[in-house]
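Structure file coords_30.csv; described as CSV, C-alpha atoms and all ligand atoms.
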chain,number,residue,atom,x,y,z
W,1,MET,CA,-22.4,-10.0,44.4
W,2,ALA,CA,-24.0,-11.4,41.3
W,3,LYS,CA,-24.2,-10.9,37.6
W,4,LEU,CA,-26.0,-8.0,36.1
W,5,ILE,CA,-28.5,-8.9,33.4
W,6,LEU,CA,-30.3,-6.6,30.9
W,7,ASN,CA,-33.0,-8.3,29.1
W,8,ASN,CA,-34.3,-6.5,26.0
W,9,VAL,CA,-34.1,-3.1,27.6
W,10,SER,CA,-35.5,-0.1,25.8
W,11,LYS,CA,-35.9,3.5,26.7
W,12,ASP,CA,-38.2,5.8,24.8
W,13,PHE,CA,-38.3,9.5,25.9
W,14,GLY,CA,-41.2,10.1,23.5
W,15,THR,CA,-39.0,12.0,21.1
W,16,GLY,CA,-39.8,9.8,18.1
W,17,GLN,CA,-36.5,7.9,18.1
W,18,PRO,CA,-35.9,5.5,21.1
W,19,ALA,CA,-32.7,6.4,23.0
W,20,VAL,CA,-32.1,2.7,23.7
W,21,SER,CA,-33.6,-0.2,21.7
W,22,ARG,CA,-33.8,-3.8,22.9
W,23,VAL,CA,-30.4,-4.0,24.6
W,24,SER,CA,-29.5,-7.3,26.2
W,25,LEU,CA,-26.4,-7.7,28.3
W,26,ASP,CA,-24.9,-10.2,30.7
W,27,VAL,CA,-22.1,-8.8,32.8
W,28,ARG,CA,-20.4,-11.4,34.9
W,29,GLU,CA,-19.6,-10.8,38.5
W,30,GLY,CA,-16.2,-9.1,38.7
W,31,GLY,CA,-16.2,-8.3,35.0
W,32,PHE,CA,-15.2,-5.0,33.5
W,33,LEU,CA,-17.5,-4.1,30.6
W,34,ALA,CA,-16.8,-1.0,28.4
W,35,LEU,CA,-19.9,0.4,26.8
W,36,LEU,CA,-18.5,2.0,23.6
W,37,GLY,CA,-20.1,4.1,21.0
W,38,PRO,CA,-20.3,7.6,19.4
W,39,SER,CA,-21.9,10.5,21.3
W,40,GLY,CA,-25.7,10.3,21.5
W,41,CYS,CA,-25.9,6.5,20.9
W,42,GLY,CA,-27.5,5.8,24.3
W,43,LYS,CA,-24.6,4.9,26.6
W,44,THR,CA,-25.5,7.2,29.5
W,45,THR,CA,-29.2,6.2,29.3
W,46,VAL,CA,-28.2,2.5,29.7
W,47,LEU,CA,-26.0,3.4,32.7
W,48,ARG,CA,-28.8,5.6,34.3
W,49,MET,CA,-31.3,2.7,33.9
W,50,ILE,CA,-28.8,0.3,35.6
W,51,ALA,CA,-28.3,2.8,38.4
W,52,GLY,CA,-32.0,3.5,38.8
W,53,PHE,CA,-32.2,7.1,37.7
W,54,GLU,CA,-34.3,6.2,34.7
W,55,ALA,CA,-36.8,3.4,34.4
W,56,PRO,CA,-36.9,1.2,31.2
W,57,SER,CA,-39.9,1.6,28.9
W,58,ASP,CA,-39.6,-2.0,28.0
W,59,GLY,CA,-37.6,-5.1,29.1
W,60,ALA,CA,-36.1,-5.9,32.6
W,61,ILE,CA,-32.9,-5.4,34.6
W,62,PHE,CA,-31.7,-8.0,37.1
W,63,LEU,CA,-28.9,-8.3,39.6
W,64,GLY,CA,-28.6,-12.1,40.0
W,65,GLU,CA,-32.2,-13.3,40.7
W,66,ARG,CA,-33.3,-9.9,42.0
W,67,LEU,CA,-35.5,-7.8,39.7
W,68,LEU,CA,-34.2,-4.2,39.7
W,69,ALA,CA,-36.5,-2.7,37.2
W,70,ASP,CA,-39.1,-3.3,34.5
W,71,PRO,CA,-41.7,-0.9,33.1
W,72,ALA,CA,-44.0,-1.6,36.1
W,73,GLN,CA,-41.6,-1.2,39.0
W,74,SER,CA,-38.1,0.3,39.6
W,75,LEU,CA,-36.0,-0.1,42.8
W,76,PRO,CA,-34.8,3.3,43.8
W,77,PRO,CA,-31.0,4.0,43.3
W,78,GLU,CA,-30.1,3.9,47.0
W,79,ARG,CA,-31.5,0.3,47.3
W,80,ARG,CA,-29.5,-1.1,44.4
W,81,ASN,CA,-26.1,-1.1,46.1
W,82,MET,CA,-24.3,0.5,43.1
W,83,ALA,CA,-21.9,3.4,42.9
W,84,MET,CA,-21.7,5.8,40.1
W,85,VAL,CA,-18.6,7.9,39.3
W,86,PHE,CA,-19.2,10.9,37.2
W,87,GLN,CA,-17.0,13.0,35.0
W,88,SER,CA,-17.0,15.8,37.5
W,89,TYR,CA,-16.1,14.1,40.8
W,90,ALA,CA,-17.0,17.0,43.2
W,91,LEU,CA,-15.1,16.6,46.4
W,92,TRP,CA,-15.8,18.7,49.5
W,93,PRO,CA,-13.0,21.2,49.7
W,94,HIS,CA,-13.2,21.8,53.4
W,95,MET,CA,-13.0,18.1,54.3
W,96,SER,CA,-9.9,15.9,54.5
W,97,VAL,CA,-9.4,13.1,52.0
W,98,ALA,CA,-10.5,10.6,54.7
W,99,ASP,CA,-13.7,12.4,55.4
W,100,ASN,CA,-14.5,12.9,51.8
W,101,VAL,CA,-14.1,9.1,51.3
W,102,GLY,CA,-16.1,8.3,54.4
W,103,TYR,CA,-19.0,10.7,53.5
W,104,PRO,CA,-21.4,8.1,52.0
W,105,LEU,CA,-20.9,6.1,55.3
W,106,LYS,CA,-21.7,9.1,57.5
W,107,VAL,CA,-25.0,9.5,55.5
W,108,ARG,CA,-25.8,5.9,56.2
W,109,GLY,CA,-24.9,6.2,59.9
W,110,VAL,CA,-22.5,3.3,60.4
W,111,SER,CA,-20.5,2.8,63.6
W,112,LYS,CA,-17.2,4.7,64.2
W,113,GLU,CA,-15.2,1.5,63.9
W,114,VAL,CA,-16.7,0.5,60.6
W,115,TYR,CA,-16.3,4.1,59.4
W,116,ARG,CA,-12.6,4.1,60.1
W,117,ARG,CA,-11.9,0.6,58.8
W,118,ARG,CA,-13.7,1.1,55.5
W,119,ILE,CA,-11.9,4.4,54.8
W,120,VAL,CA,-8.5,2.7,55.4
W,121,GLU,CA,-9.4,-0.2,53.1
W,122,ALA,CA,-10.7,2.1,50.4
W,123,LEU,CA,-7.7,4.5,50.5
W,124,ASP,CA,-5.5,1.4,50.4
W,125,THR,CA,-7.1,0.1,47.3
W,126,VAL,CA,-6.4,3.3,45.4
W,127,ARG,CA,-3.0,3.7,47.0
W,128,LEU,CA,-3.7,6.9,48.8
W,129,ALA,CA,-3.3,5.8,52.4
W,130,ASP,CA,-0.5,8.3,53.0
W,131,LEU,CA,-2.7,11.3,52.0
W,132,ALA,CA,-5.6,10.7,54.3
W,133,ASP,CA,-5.3,14.0,56.1
W,134,ARG,CA,-4.8,16.2,53.1
W,135,ARG,CA,-7.4,18.5,51.6
W,136,PRO,CA,-8.5,18.0,48.0
W,137,ALA,CA,-6.8,21.3,47.0
W,138,ASP,CA,-3.4,19.9,47.9
W,139,LEU,CA,-3.8,16.9,45.5
W,140,SER,CA,-3.0,16.4,41.9
W,141,GLY,CA,-5.8,15.8,39.4
W,142,GLY,CA,-5.1,12.1,39.3
W,143,GLN,CA,-5.1,11.8,43.1
W,144,ARG,CA,-8.4,13.6,43.3
W,145,GLN,CA,-9.9,11.1,40.9
W,146,ARG,CA,-8.6,8.3,43.1
W,147,VAL,CA,-10.3,9.9,46.1
W,148,ALA,CA,-13.5,9.8,44.1
W,149,LEU,CA,-12.9,6.1,43.4
W,150,ALA,CA,-12.2,5.4,47.0
W,151,ARG,CA,-15.4,7.2,48.0
W,152,CYS,CA,-17.5,5.0,45.8
W,153,LEU,CA,-15.8,1.9,47.3
W,154,VAL,CA,-16.6,2.5,51.0
W,155,THR,CA,-20.2,1.4,50.6
W,156,GLN,CA,-19.0,-1.9,49.1
W,157,PRO,CA,-21.1,-1.7,46.0
W,158,ASP,CA,-21.9,-4.7,43.9
W,159,VAL,CA,-21.5,-2.7,40.7
W,160,VAL,CA,-19.5,0.4,39.9
W,161,LEU,CA,-20.7,2.6,37.1
W,162,LEU,CA,-18.4,5.1,35.4
W,163,ASP,CA,-19.6,7.6,32.8
W,164,GLU,CA,-16.7,8.8,30.7
W,165,PRO,CA,-14.6,9.6,33.8
W,166,LEU,CA,-11.5,10.6,31.7
W,167,ALA,CA,-13.2,12.6,29.0
W,168,ASN,CA,-11.9,16.0,30.2
W,169,LEU,CA,-8.4,15.0,31.1
W,170,ASP,CA,-5.3,15.6,29.1
W,171,ARG,CA,-3.6,12.7,27.4
W,172,HIS,CA,-0.8,12.3,30.0
W,173,LEU,CA,-3.2,12.1,32.9
W,174,ARG,CA,-5.5,9.8,31.0
W,175,GLN,CA,-2.8,7.2,30.6
W,176,GLU,CA,-2.0,7.4,34.3
W,177,MET,CA,-5.7,7.1,35.2
W,178,GLU,CA,-6.2,4.1,32.8
W,179,GLU,CA,-3.5,2.3,34.9
W,180,THR,CA,-5.4,3.3,38.1
W,181,PHE,CA,-8.7,2.1,36.8
W,182,ARG,CA,-7.3,-1.3,35.8
W,183,GLU,CA,-5.6,-1.7,39.2
W,184,PHE,CA,-8.8,-0.5,40.9
W,185,HIS,CA,-10.8,-3.2,39.2
W,186,ILE,CA,-8.3,-6.0,40.1
W,187,ARG,CA,-7.9,-4.9,43.7
W,188,SER,CA,-11.5,-4.1,44.4
W,189,GLY,CA,-13.0,-7.1,42.6
W,190,ALA,CA,-16.0,-5.0,41.8
W,191,THR,CA,-18.1,-5.5,38.7
W,192,MET,CA,-17.5,-2.4,36.6
W,193,ILE,CA,-19.4,-0.8,33.7
W,194,TYR,CA,-17.4,1.9,32.0
W,195,VAL,CA,-18.9,4.2,29.4
W,196,THR,CA,-16.6,5.7,26.8
W,197,HIS,CA,-16.6,6.9,23.2
W,198,ASP,CA,-12.9,6.3,23.1
W,199,GLN,CA,-12.1,2.9,21.6
W,200,SER,CA,-8.4,2.8,22.7
W,201,GLU,CA,-9.6,3.4,26.3
W,202,ALA,CA,-12.1,0.6,26.0
W,203,MET,CA,-9.5,-1.7,24.5
W,204,ALA,CA,-6.9,-1.0,27.2
W,205,LEU,CA,-9.2,-1.3,30.2
W,206,ALA,CA,-12.1,-3.7,29.7
W,207,THR,CA,-12.4,-7.5,29.8
W,208,ASP,CA,-15.4,-7.1,27.4
W,209,ILE,CA,-16.6,-4.4,25.0
W,210,ALA,CA,-20.2,-3.7,24.2
W,211,VAL,CA,-20.4,-1.6,21.0
W,212,MET,CA,-23.5,0.6,20.6
W,213,SER,CA,-24.8,2.6,17.8
W,214,ARG,CA,-28.1,4.6,17.6
W,215,GLY,CA,-29.5,3.0,20.7
W,216,GLU,CA,-28.7,-0.6,19.6
W,217,LEU,CA,-26.2,-3.0,20.8
W,218,LEU,CA,-24.1,-4.3,17.8
W,219,GLN,CA,-21.6,-6.7,19.4
W,220,VAL,CA,-20.3,-7.8,22.9
W,221,ALA,CA,-17.0,-9.6,23.0
W,222,PRO,CA,-13.5,-9.3,24.5
W,223,PRO,CA,-11.3,-6.5,22.9
W,224,GLN,CA,-9.2,-8.9,20.9
W,225,GLU,CA,-12.2,-10.6,19.4
W,226,ILE,CA,-14.0,-7.3,18.6
W,227,TYR,CA,-10.8,-6.2,16.8
W,228,ALA,CA,-10.1,-9.4,14.9
W,229,CYS,CA,-13.7,-10.5,14.2
W,230,PRO,CA,-16.0,-7.5,14.1
W,231,GLU,CA,-19.6,-8.3,13.3
W,232,GLY,CA,-20.7,-6.1,10.4
W,233,ARG,CA,-19.6,-3.0,8.6
W,234,LEU,CA,-20.4,-0.6,11.4
W,235,VAL,CA,-18.4,-2.4,14.1
W,236,GLY,CA,-15.6,-2.9,11.6
W,237,SER,CA,-15.4,0.8,10.9
W,238,LEU,CA,-15.9,1.9,14.5
W,239,ILE,CA,-13.1,-0.2,16.0
W,240,GLY,CA,-9.5,0.1,15.0
W,241,ARG,CA,-8.0,1.2,11.7
W,242,GLY,CA,-8.3,-0.4,8.3
W,243,ALA,CA,-9.9,-0.4,4.9
W,244,ILE,CA,-13.1,-2.1,3.9
W,245,LEU,CA,-12.9,-3.6,0.4
W,246,SER,CA,-15.9,-4.7,-1.6
W,247,LEU,CA,-15.2,-8.2,-3.0
W,248,ALA,CA,-17.1,-11.0,-4.7
W,249,VAL,CA,-16.7,-13.5,-1.9
W,250,PRO,CA,-18.5,-16.8,-2.4
W,251,ALA,CA,-20.9,-17.4,0.5
W,252,ALA,CA,-19.3,-20.7,1.4
W,253,MET,CA,-15.8,-19.3,1.8
W,254,LEU,CA,-14.4,-18.9,5.4
W,255,ARG,CA,-14.8,-15.5,6.9
W,256,LYS,CA,-11.1,-15.2,7.5
W,257,LEU,CA,-9.4,-14.9,4.2
W,258,ASP,CA,-5.8,-15.6,3.4
W,259,TRP,CA,-3.7,-14.2,0.5
W,260,GLY,CA,-4.5,-17.1,-1.8
W,261,ALA,CA,-8.2,-16.3,-1.5
W,262,ILE,CA,-7.8,-12.6,-1.6
W,263,ARG,CA,-5.5,-12.6,-4.7
W,264,ALA,CA,-8.1,-14.5,-6.6
W,265,LEU,CA,-10.9,-12.1,-5.4
W,266,LEU,CA,-9.0,-8.9,-6.1
W,267,GLY,CA,-9.4,-9.0,-9.8
W,268,ALA,CA,-12.7,-10.9,-9.9
W,269,ALA,CA,-15.8,-9.2,-11.2
W,270,ALA,CA,-19.0,-9.4,-9.2
W,271,PRO,CA,-20.7,-12.8,-10.1
W,272,ASP,CA,-23.8,-12.6,-12.2
W,273,GLY,CA,-26.6,-11.7,-9.9
W,274,GLY,CA,-24.2,-12.3,-7.0
W,275,VAL,CA,-23.4,-10.0,-4.2
W,276,LEU,CA,-20.3,-8.2,-3.1
W,277,ALA,CA,-19.2,-8.6,0.5
W,278,ASP,CA,-17.5,-6.1,2.8
W,279,VAL,CA,-14.0,-7.3,3.6
W,280,LEU,CA,-12.0,-5.6,6.4
W,281,VAL,CA,-8.2,-5.4,5.9
W,282,ARG,CA,-6.2,-4.1,8.9
W,283,PRO,CA,-3.1,-2.1,8.0
W,284,GLU,CA,-0.8,-4.5,9.9
W,285,ASP,CA,-1.9,-7.3,7.5
W,286,VAL,CA,-0.8,-5.5,4.4
W,287,ARG,CA,2.8,-6.1,3.3
W,288,LEU,CA,4.5,-3.7,0.9
W,289,GLY,CA,6.9,-4.9,-1.7
W,290,GLY,CA,7.5,-8.4,-3.0
W,291,GLU,CA,5.1,-10.0,-5.4
W,292,GLY,CA,1.6,-9.0,-5.1
W,293,ALA,CA,-1.1,-6.8,-6.5
W,294,ALA,CA,-0.2,-3.4,-7.9
W,295,ALA,CA,-1.1,-0.3,-5.9
W,296,ARG,CA,-0.3,3.4,-6.1
W,297,VAL,CA,0.6,5.5,-3.1
W,298,ARG,CA,-1.9,8.2,-2.4
W,299,SER,CA,-0.4,9.6,0.8
W,300,SER,CA,1.9,8.7,3.7
W,301,LEU,CA,1.7,10.2,7.1
W,302,TYR,CA,4.6,10.1,9.6
W,303,GLU,CA,3.6,8.7,13.0
W,304,GLY,CA,7.0,8.5,14.7
W,305,GLU,CA,7.5,4.7,14.7
W,306,ARG,CA,6.2,4.3,11.2
W,307,TYR,CA,4.4,5.8,8.2
W,308,SER,CA,0.6,5.3,7.8
W,309,VAL,CA,0.1,4.8,4.1
W,310,THR,CA,-3.0,5.1,1.9
W,311,LEU,CA,-2.9,3.2,-1.4
W,312,ASP,CA,-5.1,3.1,-4.4
W,313,LEU,CA,-5.7,-0.4,-5.9
W,314,ALA,CA,-6.1,-0.9,-9.6
W,315,ASP,CA,-9.9,-1.2,-9.3
W,316,GLY,CA,-10.1,2.1,-7.5
W,317,GLN,CA,-10.6,0.7,-4.0
W,318,ILE,CA,-8.5,2.1,-1.1
W,319,LEU,CA,-6.1,0.2,1.2
W,320,ARG,CA,-4.3,1.2,4.3
W,321,ALA,CA,-0.8,0.0,5.3
W,322,PHE,CA,2.1,0.7,7.6
W,323,SER,CA,5.6,1.2,6.4
W,324,ARG,CA,9.0,1.7,8.1
W,325,GLU,CA,10.3,3.6,5.1
W,326,ARG,CA,8.6,6.6,3.6
W,327,PRO,CA,6.6,5.7,0.4
W,328,MET,CA,6.4,8.7,-1.9
W,329,PRO,CA,3.0,9.7,-3.2
W,330,GLY,CA,2.5,8.7,-6.8
W,331,ASP,CA,4.9,5.7,-6.4
W,332,THR,CA,3.6,2.3,-7.6
W,333,MET,CA,4.3,-0.6,-5.4
W,334,SER,CA,3.1,-4.2,-4.9
W,335,VAL,CA,1.0,-5.2,-1.9
W,336,THR,CA,0.2,-8.5,-0.3
W,337,ILE,CA,-2.8,-8.9,2.0
W,338,THR,CA,-1.8,-11.6,4.4
W,339,SER,CA,-5.1,-11.8,6.2
W,340,ALA,CA,-8.6,-10.2,5.9
W,341,TRP,CA,-12.0,-10.6,7.6
W,342,ARG,CA,-15.4,-10.8,5.9
W,343,LEU,CA,-17.7,-8.5,7.8
W,401,LIG,P1,-24.6,9.0,25.0
W,401,LIG,O1,-24.3,8.9,26.5
W,401,LIG,O2,-24.2,7.8,24.3
W,401,LIG,O3,-23.9,10.2,24.4
W,401,LIG,P2,-27.3,9.5,25.8
W,401,LIG,O4,-27.8,8.2,26.5
W,401,LIG,O5,-27.0,10.6,26.6
W,401,LIG,O6,-26.2,9.1,24.8
W,401,LIG,O7,-28.5,9.9,24.8
W,401,LIG,C1,-29.1,9.1,23.8
W,401,LIG,C2,-30.2,9.8,23.2
W,401,LIG,O8,-31.3,10.0,24.0
W,401,LIG,C3,-29.8,11.2,22.6
W,401,LIG,O9,-30.5,11.4,21.4
W,401,LIG,C4,-30.4,12.1,23.7
W,401,LIG,O10,-30.7,13.3,23.1
W,401,LIG,C5,-31.6,11.4,24.2
W,401,LIG,N1,-31.9,11.7,25.6
W,401,LIG,C6,-31.2,11.4,26.6
W,401,LIG,N2,-31.8,11.8,27.8
W,401,LIG,C7,-33.0,12.3,27.4
W,401,LIG,C8,-34.1,12.8,28.1
W,401,LIG,N3,-34.1,12.9,29.5
W,401,LIG,N4,-35.1,13.3,27.4
W,401,LIG,C9,-35.2,13.2,26.1
W,401,LIG,N5,-34.2,12.7,25.3
W,401,LIG,C10,-33.1,12.2,26.0
W,402,MG,MG,-23.2,10.1,27.7

File written out as structure tokens:
Amino acid sequence: MAKLILNNVSKDFGTGQPAVSRVSLDVREGGFLALLGPSGCGKTTVLRMIAGFEAPSDGAIFLGERLLADPAQSLPPERRNMAMVFQSYALWPHMSVADNVGYPLKVRGVSKEVYRRRIVEALDTVRLADLADRRPADLSGGQRQRVALARCLVTQPDVVLLDEPLANLDRHLRQEMEETFREFHIRSGATMIYVTHDQSEAMALATDIAVMSRGELLQVAPPQEIYACPEGRLVGSLIGRGAILSLAVPAAMLRKLDWGAIRALLGAAAPDGGVLADVLVRPEDVRLGGEGAAARVRSSLYEGERYSVTLDLADGQILRAFSRERPMPGDTMSVTITSAWRL
């Protein structure tokens, strides 16, 4: 195994707008990278170029020292030692679980001994050893997906590519499968690239998140860092909840702002010829009550464990907060912003 490197990779289908623009990525061996972004932003195209189903129009893809593809040459998918798991994970209905899992080995013509051993190992990894003789029809949805995962493991791929594998499942099964994927990653040790448009899925699963928009890569970082320190307005609004305030922040000020800084900025007018900065305020960093700035409750939505509150500040900007008690629309309260992040 080795790390996967994308070096300024672009894909232009000749439609006027490139599907992928100058994407550079460095996925460490054994890493779990989520490729996150809205529908149509180029995630599947990136995955298909890594797998070898599509050649880059520009840039290069490497696995360690080995060149997989550039505009002049592209190694065919079967020679890349990768496995791709699709949303529909078609299993053969007439074959047992074990034979479904072993199918890619049969195609490659391995010895009987290797065939049996690899199936046992793969089923073990996804905790399905007891169900080896069943037919797919006798399994639950989650178990079938685990069979599909085991099937991609038997060839011992360097990289496992997953394209929105949970997109069509109901919420309950999604949660079960998120656990399965996390465990699968740890037990298999495989490098995984997981495409999703669901940020909570990306947060829960991945060791790193790559945020994409309109074919471009905006930021790559661990989930906690993407959440706390998003780069730019787009990432700030795509990831997590919060409000973006427009404040006259002096350029020399730290990007992480405390209440002392924010209080001074809240009432301040834009400096002469100066610029307003986008400042992200997460709802959990807004305290209601006590001594702070005045705000008026616009709405409060009940979410079970708390209320999600939208507030209007005196200058007309909007703030979001959480509250244990129900704030009534129209009420005036004071707010303190304990921490904020300049985008
Ligand atoms: P995502 O997976 O993020 O939803 P895709 O990678 O499927 O996005 O698509 C990115 C863009 O490239 C879209 O605008 C899509 O219409 C376009 N695209 C994808 N595949 C092709 C193709 N084979 N020919 C032309 N355009 C394509
Ligand atoms: Mg897609």

TODO: List all protein, DNA and RNA residues that have at least one atom no more than 7 Å from any atom of ligand MG 402 (chain W), counting only C-alpha atoms and all ligand atoms, and write them as number ranges by chain.
DONE: W: 39-40, 42-44, 163

Can you tell me, as number ranges by chain, what residues are no more than 8 Å from W:Ser339 when counting all atoms listed in the file, ignoring any on the same chain fewer than 4 positions away? W: 256-259, 281, 285-286

| message | Residues contacting ligand LIG 401 (chain W) - anything with an atom at most 9 Å away, using all atoms listed in the file - can you give me those as a PyMOL selection string? | response | chain W and resi 11-15+17-20+35-48+54+163-164+195-197+212-215

Using all atoms listed in the file, the shortest atom-to-atom distance to W:Asn7 among W:Asp208, W:Leu217, W:Ala137, W:Thr191 belongs to W:Leu217

Return as lines of an AutoDock Vina configuration file the box centre and box size in Å, one decimal, for an axis-aligned box around all listed atoms of stretch 235-246 of chain W padded by 4 Å per side.
center_x = -13.2
center_y = -1.4
center_z = 7.2
size_x = 18.4
size_y = 14.6
size_z = 25.6

Output stretch 29-44 of chain W as a PDB file, in the coordinates of the input, making sure N, CA, C and O atoms are there.
ATOM      1  N   GLU W  29     -20.055 -11.348  37.250  1.00  0.00           N
ATOM      2  CA  GLU W  29     -19.600 -10.800  38.500  1.00  0.00           C
ATOM      3  C   GLU W  29     -18.060 -10.574  38.424  1.00  0.00           C
ATOM      4  O   GLU W  29     -17.320 -11.457  38.008  1.00  0.00           O
ATOM      5  N   GLY W  30     -17.616  -9.386  38.788  1.00  0.00           N
ATOM      6  CA  GLY W  30     -16.200  -9.100  38.700  1.00  0.00           C
ATOM      7  C   GLY W  30     -15.707  -8.715  37.341  1.00  0.00           C
ATOM      8  O   GLY W  30     -14.519  -8.476  37.141  1.00  0.00           O
ATOM      9  N   GLY W  31     -16.605  -8.656  36.373  1.00  0.00           N
ATOM     10  CA  GLY W  31     -16.200  -8.300  35.000  1.00  0.00           C
ATOM     11  C   GLY W  31     -16.035  -6.795  34.849  1.00  0.00           C
ATOM     12  O   GLY W  31     -16.435  -6.010  35.715  1.00  0.00           O
ATOM     13  N   PHE W  32     -15.383  -6.420  33.773  1.00  0.00           N
ATOM     14  CA  PHE W  32     -15.200  -5.000  33.500  1.00  0.00           C
ATOM     15  C   PHE W  32     -15.638  -4.799  32.046  1.00  0.00           C
ATOM     16  O   PHE W  32     -14.969  -5.139  31.079  1.00  0.00           O
ATOM     17  N   LEU W  33     -16.850  -4.261  31.931  1.00  0.00           N
ATOM     18  CA  LEU W  33     -17.500  -4.100  30.600  1.00  0.00           C
ATOM     19  C   LEU W  33     -17.353  -2.624  30.183  1.00  0.00           C
ATOM     20  O   LEU W  33     -17.722  -1.726  30.940  1.00  0.00           O
ATOM     21  N   ALA W  34     -16.832  -2.395  28.988  1.00  0.00           N
ATOM     22  CA  ALA W  34     -16.800  -1.000  28.400  1.00  0.00           C
ATOM     23  C   ALA W  34     -18.027  -0.922  27.490  1.00  0.00           C
ATOM     24  O   ALA W  34     -18.238  -1.782  26.632  1.00  0.00           O
ATOM     25  N   LEU W  35     -18.807   0.140  27.680  1.00  0.00           N
ATOM     26  CA  LEU W  35     -19.900   0.400  26.800  1.00  0.00           C
ATOM     27  C   LEU W  35     -19.401   1.510  25.834  1.00  0.00           C
ATOM     28  O   LEU W  35     -19.164   2.650  26.236  1.00  0.00           O
ATOM     29  N   LEU W  36     -19.185   1.117  24.576  1.00  0.00           N
ATOM     30  CA  LEU W  36     -18.500   2.000  23.600  1.00  0.00           C
ATOM     31  C   LEU W  36     -19.397   2.372  22.472  1.00  0.00           C
ATOM     32  O   LEU W  36     -20.115   1.543  21.919  1.00  0.00           O
ATOM     33  N   GLY W  37     -19.343   3.644  22.117  1.00  0.00           N
ATOM     34  CA  GLY W  37     -20.100   4.100  21.000  1.00  0.00           C
ATOM     35  C   GLY W  37     -20.043   5.590  20.822  1.00  0.00           C
ATOM     36  O   GLY W  37     -19.643   6.282  21.763  1.00  0.00           O
ATOM     37  N   PRO W  38     -20.417   6.110  19.653  1.00  0.00           N
ATOM     38  CA  PRO W  38     -20.300   7.600  19.400  1.00  0.00           C
ATOM     39  C   PRO W  38     -21.302   8.324  20.335  1.00  0.00           C
ATOM     40  O   PRO W  38     -22.249   7.754  20.870  1.00  0.00           O
ATOM     41  N   SER W  39     -21.052   9.595  20.473  1.00  0.00           N
ATOM     42  CA  SER W  39     -21.900  10.500  21.300  1.00  0.00           C
ATOM     43  C   SER W  39     -23.340  10.390  20.859  1.00  0.00           C
ATOM     44  O   SER W  39     -23.627  10.396  19.667  1.00  0.00           O
ATOM     45  N   GLY W  40     -24.236  10.269  21.818  1.00  0.00           N
ATOM     46  CA  GLY W  40     -25.700  10.300  21.500  1.00  0.00           C
ATOM     47  C   GLY W  40     -26.233   8.885  21.202  1.00  0.00           C
ATOM     48  O   GLY W  40     -27.408   8.750  20.873  1.00  0.00           O
ATOM     49  N   CYS W  41     -25.427   7.827  21.319  1.00  0.00           N
ATOM     50  CA  CYS W  41     -25.900   6.500  20.900  1.00  0.00           C
ATOM     51  C   CYS W  41     -26.673   5.798  22.065  1.00  0.00           C
ATOM     52  O   CYS W  41     -27.205   4.710  21.863  1.00  0.00           O
ATOM     53  N   GLY W  42     -26.717   6.408  23.252  1.00  0.00           N
ATOM     54  CA  GLY W  42     -27.500   5.800  24.300  1.00  0.00           C
ATOM     55  C   GLY W  42     -26.774   5.259  25.500  1.00  0.00           C
ATOM     56  O   GLY W  42     -27.365   4.640  26.382  1.00  0.00           O
ATOM     57  N   LYS W  43     -25.463   5.474  25.559  1.00  0.00           N
ATOM     58  CA  LYS W  43     -24.600   4.900  26.600  1.00  0.00           C
ATOM     59  C   LYS W  43     -25.060   5.354  28.007  1.00  0.00           C
ATOM     60  O   LYS W  43     -25.259   4.556  28.918  1.00  0.00           O
ATOM     61  N   THR W  44     -25.156   6.680  28.158  1.00  0.00           N
ATOM     62  CA  THR W  44     -25.500   7.200  29.500  1.00  0.00           C
ATOM     63  C   THR W  44     -26.898   6.757  29.893  1.00  0.00           C
ATOM     64  O   THR W  44     -27.130   6.440  31.062  1.00  0.00           O
TER      65      THR W  44
END
